[in-house]
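**Q** What follows is structure20.csv, CSV, C-alpha atoms.
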chain,number,residue,atom,x,y,z
Z,1,MET,CA,98.3,-5.4,250.3
Z,2,THR,CA,95.8,-3.5,248.1
Z,3,GLN,CA,92.6,-1.8,249.3
Z,4,THR,CA,90.5,-4.6,247.7
Z,5,GLU,CA,92.4,-7.4,249.6
Z,6,ARG,CA,91.5,-8.4,253.1
Z,7,PRO,CA,93.8,-10.2,255.6
Z,8,LEU,CA,93.1,-13.9,256.0
Z,9,GLY,CA,91.3,-15.0,259.1
Z,10,ARG,CA,92.7,-17.6,261.4
Z,11,ARG,CA,90.8,-20.4,259.8
Z,12,GLU,CA,92.0,-19.5,256.3
Z,13,ARG,CA,95.6,-19.1,257.5
Z,14,ASN,CA,95.4,-22.5,259.2
Z,15,LYS,CA,94.1,-24.1,256.0
Z,16,ALA,CA,96.8,-22.4,253.8
Z,17,GLU,CA,99.5,-23.5,256.2
Z,18,LYS,CA,98.3,-27.1,256.2
Z,19,ARG,CA,98.0,-27.1,252.4
Z,20,ALA,CA,101.6,-25.8,252.1
Z,21,ARG,CA,102.9,-28.4,254.6
Z,22,ILE,CA,101.2,-31.2,252.7
Z,23,ARG,CA,102.4,-29.9,249.3
Z,24,ASP,CA,106.0,-29.4,250.5
Z,25,ALA,CA,106.1,-32.8,252.2
Z,26,ALA,CA,104.8,-34.5,249.0
Z,27,ALA,CA,107.4,-32.7,246.9
Z,28,ARG,CA,110.2,-33.8,249.2
Z,29,LEU,CA,109.0,-37.4,249.3
Z,30,PHE,CA,108.3,-37.6,245.6
Z,31,SER,CA,111.8,-36.3,244.9
Z,32,ARG,CA,113.4,-38.7,247.4
Z,33,HIS,CA,111.5,-41.9,246.9
Z,34,GLY,CA,109.8,-41.4,243.5
Z,35,TYR,CA,106.0,-41.3,242.8
Z,36,GLU,CA,105.5,-45.1,243.2
Z,37,GLY,CA,107.6,-45.2,246.3
Z,38,THR,CA,105.7,-42.5,248.2
Z,39,THR,CA,102.5,-43.2,250.1
Z,40,MET,CA,99.8,-40.8,251.4
Z,41,ALA,CA,100.5,-42.0,254.9
Z,42,GLN,CA,104.2,-41.0,254.5
Z,43,VAL,CA,103.1,-37.5,253.3
Z,44,ALA,CA,100.8,-37.2,256.3
Z,45,ARG,CA,103.6,-38.1,258.7
Z,46,ASP,CA,106.1,-35.7,257.0
Z,47,ALA,CA,103.6,-32.9,257.0
Z,48,ASP,CA,102.6,-33.6,260.7
Z,49,VAL,CA,98.9,-33.9,259.9
Z,50,ALA,CA,96.3,-36.7,260.1
Z,51,ILE,CA,96.0,-38.8,256.9
Z,52,GLY,CA,92.4,-37.7,256.6
Z,53,THR,CA,93.6,-34.2,256.4
Z,54,VAL,CA,95.8,-35.1,253.4
Z,55,PHE,CA,92.7,-36.5,251.6
Z,56,GLN,CA,90.8,-33.3,252.3
Z,57,TYR,CA,93.4,-31.3,250.3
Z,58,ALA,CA,94.1,-34.0,247.7
Z,59,ALA,CA,91.6,-36.8,247.3
Z,60,THR,CA,93.9,-39.1,245.4
Z,61,LYS,CA,97.6,-39.6,245.0
Z,62,PRO,CA,97.6,-38.3,241.4
Z,63,GLU,CA,95.8,-35.2,242.7
Z,64,LEU,CA,98.6,-34.8,245.3
Z,65,LEU,CA,101.1,-35.0,242.4
Z,66,MET,CA,99.1,-32.3,240.5
Z,67,MET,CA,99.2,-30.1,243.6
Z,68,VAL,CA,103.0,-30.2,243.6
Z,69,ALA,CA,103.1,-29.7,239.8
Z,70,ALA,CA,100.8,-26.7,239.9
Z,71,GLU,CA,103.0,-24.9,242.4
Z,72,ARG,CA,106.2,-25.6,240.5
Z,73,TRP,CA,104.9,-24.9,237.0
Z,74,ARG,CA,103.2,-21.6,238.1
Z,75,GLU,CA,106.5,-20.2,239.5
Z,76,VAL,CA,108.4,-21.3,236.4
Z,77,LEU,CA,105.8,-19.9,234.0
Z,78,ASP,CA,105.9,-16.5,235.6
Z,79,ALA,CA,109.6,-16.3,235.5
Z,80,VAL,CA,110.0,-17.5,231.9
Z,81,VAL,CA,107.2,-15.5,230.3
Z,82,THR,CA,108.9,-12.4,231.8
Z,83,GLY,CA,112.2,-13.4,230.3
Z,84,LEU,CA,110.8,-13.7,226.8
Z,85,ALA,CA,110.6,-10.0,226.3
Z,86,GLY,CA,112.7,-8.9,223.3
Z,87,ARG,CA,113.2,-12.3,221.8
Z,88,ASP,CA,112.5,-12.2,218.0
Z,89,ASP,CA,113.2,-15.7,216.9
Z,90,PRO,CA,110.0,-17.7,217.6
Z,91,ILE,CA,111.8,-21.1,217.7
Z,92,GLU,CA,114.4,-20.0,220.2
Z,93,ALA,CA,111.8,-18.1,222.2
Z,94,ILE,CA,109.5,-21.2,222.4
Z,95,LEU,CA,112.4,-23.4,223.4
Z,96,VAL,CA,113.2,-20.9,226.2
Z,97,LEU,CA,109.6,-21.3,227.3
Z,98,VAL,CA,109.6,-25.1,227.4
Z,99,GLU,CA,113.2,-25.5,228.7
Z,100,PRO,CA,112.3,-25.6,232.4
Z,101,VAL,CA,110.0,-28.5,231.7
Z,102,ILE,CA,112.7,-30.3,229.9
Z,103,LYS,CA,115.3,-29.6,232.6
Z,104,THR,CA,112.9,-31.0,235.2
Z,105,ALA,CA,112.4,-34.1,233.1
Z,106,GLU,CA,116.2,-34.6,233.0
Z,107,ALA,CA,116.6,-34.0,236.7
Z,108,GLU,CA,113.6,-36.0,237.9
Z,109,PRO,CA,112.6,-38.3,235.0
Z,110,ASP,CA,110.3,-40.5,236.9
Z,111,LEU,CA,108.3,-37.7,238.5
Z,112,SER,CA,108.2,-35.6,235.3
Z,113,MET,CA,107.0,-38.6,233.2
Z,114,THR,CA,104.3,-39.4,235.7
Z,115,THR,CA,103.2,-35.8,235.8
Z,116,ALA,CA,102.9,-35.8,232.0
Z,117,ARG,CA,101.0,-39.0,232.0
Z,118,GLU,CA,98.5,-37.8,234.6
Z,119,LEU,CA,98.0,-34.5,232.8
Z,120,LEU,CA,97.5,-36.2,229.5
Z,121,PHE,CA,95.4,-39.2,230.6
Z,122,GLY,CA,94.5,-38.8,234.3
Z,123,ALA,CA,91.1,-38.3,235.9
Z,124,GLN,CA,89.7,-34.9,236.4
Z,125,GLY,CA,90.3,-33.1,239.7
Z,126,PRO,CA,90.8,-29.6,241.1
Z,127,HIS,CA,94.6,-29.7,241.1
Z,128,ARG,CA,94.8,-31.3,237.7
Z,129,THR,CA,92.5,-28.5,236.5
Z,130,GLU,CA,95.0,-26.0,238.0
Z,131,VAL,CA,97.9,-27.6,236.0
Z,132,ALA,CA,95.7,-27.7,232.9
Z,133,GLU,CA,95.1,-23.9,233.3
Z,134,ILE,CA,98.9,-23.3,233.5
Z,135,VAL,CA,99.4,-25.4,230.4
Z,136,ALA,CA,96.8,-23.3,228.6
Z,137,ALA,CA,98.7,-20.2,229.7
Z,138,VAL,CA,101.8,-21.7,228.1
Z,139,GLU,CA,99.9,-22.4,224.9
Z,140,ASP,CA,98.7,-18.8,224.9
Z,141,ALA,CA,102.3,-17.6,225.3
Z,142,VAL,CA,103.5,-19.7,222.5
Z,143,ALA,CA,100.6,-18.6,220.3
Z,144,GLY,CA,101.5,-15.0,221.0
Z,145,LEU,CA,105.0,-15.6,219.9
Z,146,LEU,CA,103.8,-17.1,216.7
Z,147,ARG,CA,101.4,-14.3,216.0
Z,148,ARG,CA,104.2,-11.8,216.2
Z,149,SER,CA,105.9,-13.9,213.6
Z,150,GLY,CA,103.0,-13.7,211.2
Z,151,ALA,CA,101.1,-16.9,212.0
Z,152,ALA,CA,97.7,-15.3,212.9
Z,153,ASP,CA,95.5,-18.1,211.5
Z,154,ARG,CA,97.3,-21.1,212.8
Z,155,ALA,CA,99.0,-19.8,215.9
Z,156,GLN,CA,96.8,-21.4,218.5
Z,157,SER,CA,96.8,-24.8,216.7
Z,158,ALA,CA,100.6,-24.8,216.4
Z,159,ALA,CA,100.8,-23.8,220.1
Z,160,ARG,CA,98.7,-26.8,221.1
Z,161,LEU,CA,100.9,-29.0,219.0
Z,162,VAL,CA,104.1,-27.7,220.7
Z,163,VAL,CA,102.8,-28.0,224.2
Z,164,SER,CA,100.9,-31.3,223.9
Z,165,GLY,CA,103.8,-32.7,221.8
Z,166,ALA,CA,106.4,-31.8,224.4
Z,167,LEU,CA,104.3,-33.6,227.1
Z,168,LEU,CA,103.9,-36.6,224.8
Z,169,GLU,CA,107.6,-36.8,224.2
Z,170,ILE,CA,108.3,-36.8,227.9
Z,171,ASN,CA,105.7,-39.5,228.3
Z,172,ARG,CA,107.3,-41.6,225.5
Z,173,SER,CA,110.4,-41.8,227.6
Z,174,ARG,CA,108.4,-43.3,230.5
Z,175,THR,CA,107.0,-46.0,228.2
Z,176,GLY,CA,110.5,-46.8,226.9
Z,177,ARG,CA,109.6,-45.8,223.3
Z,178,ALA,CA,112.2,-43.0,223.3
Z,179,ASP,CA,115.5,-42.2,225.1
Z,180,ALA,CA,115.0,-39.8,228.0
Z,181,ALA,CA,118.4,-38.2,227.1
Z,182,SER,CA,117.1,-37.1,223.7
Z,183,VAL,CA,114.0,-35.2,224.9
Z,184,ARG,CA,115.4,-31.8,224.2
Z,185,GLU,CA,116.4,-32.7,220.7
Z,186,ARG,CA,113.0,-34.2,219.9
Z,187,VAL,CA,111.2,-31.2,221.3
Z,188,ARG,CA,113.3,-28.9,219.2
Z,189,ASP,CA,112.4,-30.8,216.1
Z,190,LEU,CA,108.7,-30.6,217.0
Z,191,VAL,CA,108.9,-26.8,217.7
Z,192,GLU,CA,110.7,-26.2,214.3
Z,193,VAL,CA,108.0,-28.2,212.4
Z,194,ALA,CA,105.2,-26.4,214.2
Z,195,VAL,CA,106.6,-22.9,213.7
Z,196,ARG,CA,107.5,-23.5,210.0
Z,197,GLY,CA,104.0,-24.9,209.4
Z,198,ALA,CA,102.3,-22.1,211.2
Z,199,THR,CA,104.2,-19.3,209.5
Z,200,ALA,CA,104.2,-20.8,205.9
Z,201,GLU,CA,102.2,-19.3,203.2
Z,202,ASP,CA,99.0,-21.2,202.3
Z,203,GLY,CA,100.3,-21.8,198.8
Z,204,ALA,CA,103.5,-23.3,200.2
Z,205,LEU,CA,101.5,-25.7,202.3
Z,206,ARG,CA,99.5,-26.9,199.4
Z,207,ALA,CA,102.5,-27.2,197.1
Go ahead and express the file in the form of structure tokens.

**A**
Amino acid sequence: MTQTERPLGRRERNKAEKRARIRDAAARLFSRHGYEGTTMAQVARDADVAIGTVFQYAATKPELLMMVAAERWREVLDAVVTGLAGRDDPIEAILVLVEPVIKTAEAEPDLSMTTARELLFGAQGPHRTEVAEIVAAVEDAVAGLLRRSGAADRAQSAARLVVSGALLEINRSRTGRADAASVRERVRDLVEVAVRGATAEDGALRA
């Protein structure tokens, strides 16, 4: 603990413990029964709290999903960004960055597709904002990789294309417009197009 940090009081500890129980219960139930097959009442029972307590921490079921996603994505982002050091090929580095999302989509397609849908099209809420901030951090990491490859002017735009495009590709699988098994291939194609466009000379783009 640093000098600027103070220990949590009993009330704060209780709130943090309840939040963790609710989040962990939701994660278990979503994985076991799917998003549609899980109810807020089930989460309350599994977390051993009153259902009103669940609504205090996540006002809606989509917000509960975003609470789970925020925890998962934050841990993955920290680990992957650290592992990017020393990678020179921007395409391969970006694919390393988005690979955990693709793996999760393959392992839990229903949950991943619903998460992508809520992030892209869902209502605003504090947990959705948390996830959006993590997505913005991923965009910044992608943009940083592109800048190191000479894409100063278009790095941020290309990064938005990569991240939003990956989420849209996952969502397309949910709607049946694309095969879930081909997500990785489709995302690679998107990354290659974005990187080549961002790093091309202006004259080459106009030609």

**Q** Within 12 Å of Thr129 of chain Z, counting only C-alpha atoms, which residues show up once you throw out same-chain ones fewer than 5 positions away? Write them as an MDAnalysis selection string, please.

**A** chainID Z and resid 63 66:67 69:70 118:120 122:124 134:136

**Q** Would you mind exporting C-alpha atoms of the selected residues as a compact mmCIF listing (two decimals), keeping the file's coordinate frame?

**A**
# COMPACT_ATOMS: atom_id res chain seq x y z
CA GLU Z 63 95.80 -35.20 242.70
CA MET Z 66 99.10 -32.30 240.50
CA MET Z 67 99.20 -30.10 243.60
CA ALA Z 69 103.10 -29.70 239.80
CA ALA Z 70 100.80 -26.70 239.90
CA GLU Z 118 98.50 -37.80 234.60
CA LEU Z 119 98.00 -34.50 232.80
CA LEU Z 120 97.50 -36.20 229.50
CA GLY Z 122 94.50 -38.80 234.30
CA ALA Z 123 91.10 -38.30 235.90
CA GLN Z 124 89.70 -34.90 236.40
CA ILE Z 134 98.90 -23.30 233.50
CA VAL Z 135 99.40 -25.40 230.40
CA ALA Z 136 96.80 -23.30 228.60

**Q** For a quick check of understanding, using only C-alpha atoms, which of Z:Met40, Z:Ala158, Z:Ala198, Z:Ala79 has the smallest distance to Glu99 of chain Z?

**A**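 Ranked by minimum distance to Glu99 of chain Z, first place goes to Z:Ala79.
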
**Q** Please determine the residues with any atom at most 12 Å from (90.9, -29.9, 249.0) (coordinates as given in the file, with only C-alpha atoms counting) and report them as JSON, numbers by chain.

**A** {"Z": [15, 16, 18, 19, 20, 22, 23, 52, 53, 54, 55, 56, 57, 58, 59, 60, 63, 64, 67, 125, 126, 127]}

**Q** My list of candidates is Z:Ser31, Z:Ser149, Z:Ser164, Z:Thr82. Which is closest to Arg196 of chain Z when distances are computed with all atoms listed in the file?

**A** Z:Ser149

**Q** Determine, counting all atoms listed in the file, which protein, DNA and RNA residues have an atom within 7 Å of an atom of Leu161 of chain Z; residues of the same chain fewer than 4 positions away are not included. Present the result as a PyMOL selection string.

**A** chain Z and resi 157+165+194

**Q** Please indicate the distance in Å from atom CA of Asp89 of chain Z to atom CA of Val195 of chain Z, rounded to one decimal place.

**A** 10.3 Å

**Q** Just give me the gap between atom CA of Leu190 of chain Z and atom CA of Leu95 of chain Z in Å, one decimal is fine.

**A**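 About the pair atom CA of Leu190 of chain Z and atom CA of Leu95 of chain Z: they are 10.3 Å apart.
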
**Q** Pick the closest to Ala132 of chain Z from Z:Glu36, Z:Ala116, Z:Arg21, Z:Leu168: which is it, counting only C-alpha atoms?

**A**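 Selected residue with least distance to Ala132 of chain Z: Z:Ala116.
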
**Q** Have a look at Z:Gln156, Z:Leu65, Z:Glu12, Z:Val81 and name the one nearest to Thr39 of chain Z; count all atoms listed in the file.

**A**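 For Thr39 of chain Z, the nearest of the given residues is Z:Leu65.
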
**Q** Kindly give the distance, in Å, that separates atom CA of Trp73 of chain Z and atom CA of Ala166 of chain Z, rounded to a single decimal.

**A**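 So the two atoms, atom CA of Trp73 of chain Z and atom CA of Ala166 of chain Z, lie 14.4 Å apart.
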
**Q** Which residues come within 12 Å of Lys103 of chain Z, counting only C-alpha atoms, excluding same-chain residues fewer than 3 positions away, as a list in words?

**A**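 Surrounding residues, per the criterion: Val76, Leu95, Val96, Leu97, Val98, Glu99, Pro100, Glu106, Ala107, Glu108, Pro109, Ser112, Ile170, Ala180, Ala181, Ser182, Val183 and Arg184 of chain Z.
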
**Q** Have a look at Z:Asp110, Z:Ala141, Z:Val43, Z:Glu17 and name the one nearest to Asp78 of chain Z; count all atoms listed in the file.

**A**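 Between Z:Asp110, Z:Ala141, Z:Val43, Z:Glu17, the residue approaching Asp78 of chain Z most closely is Z:Ala141.
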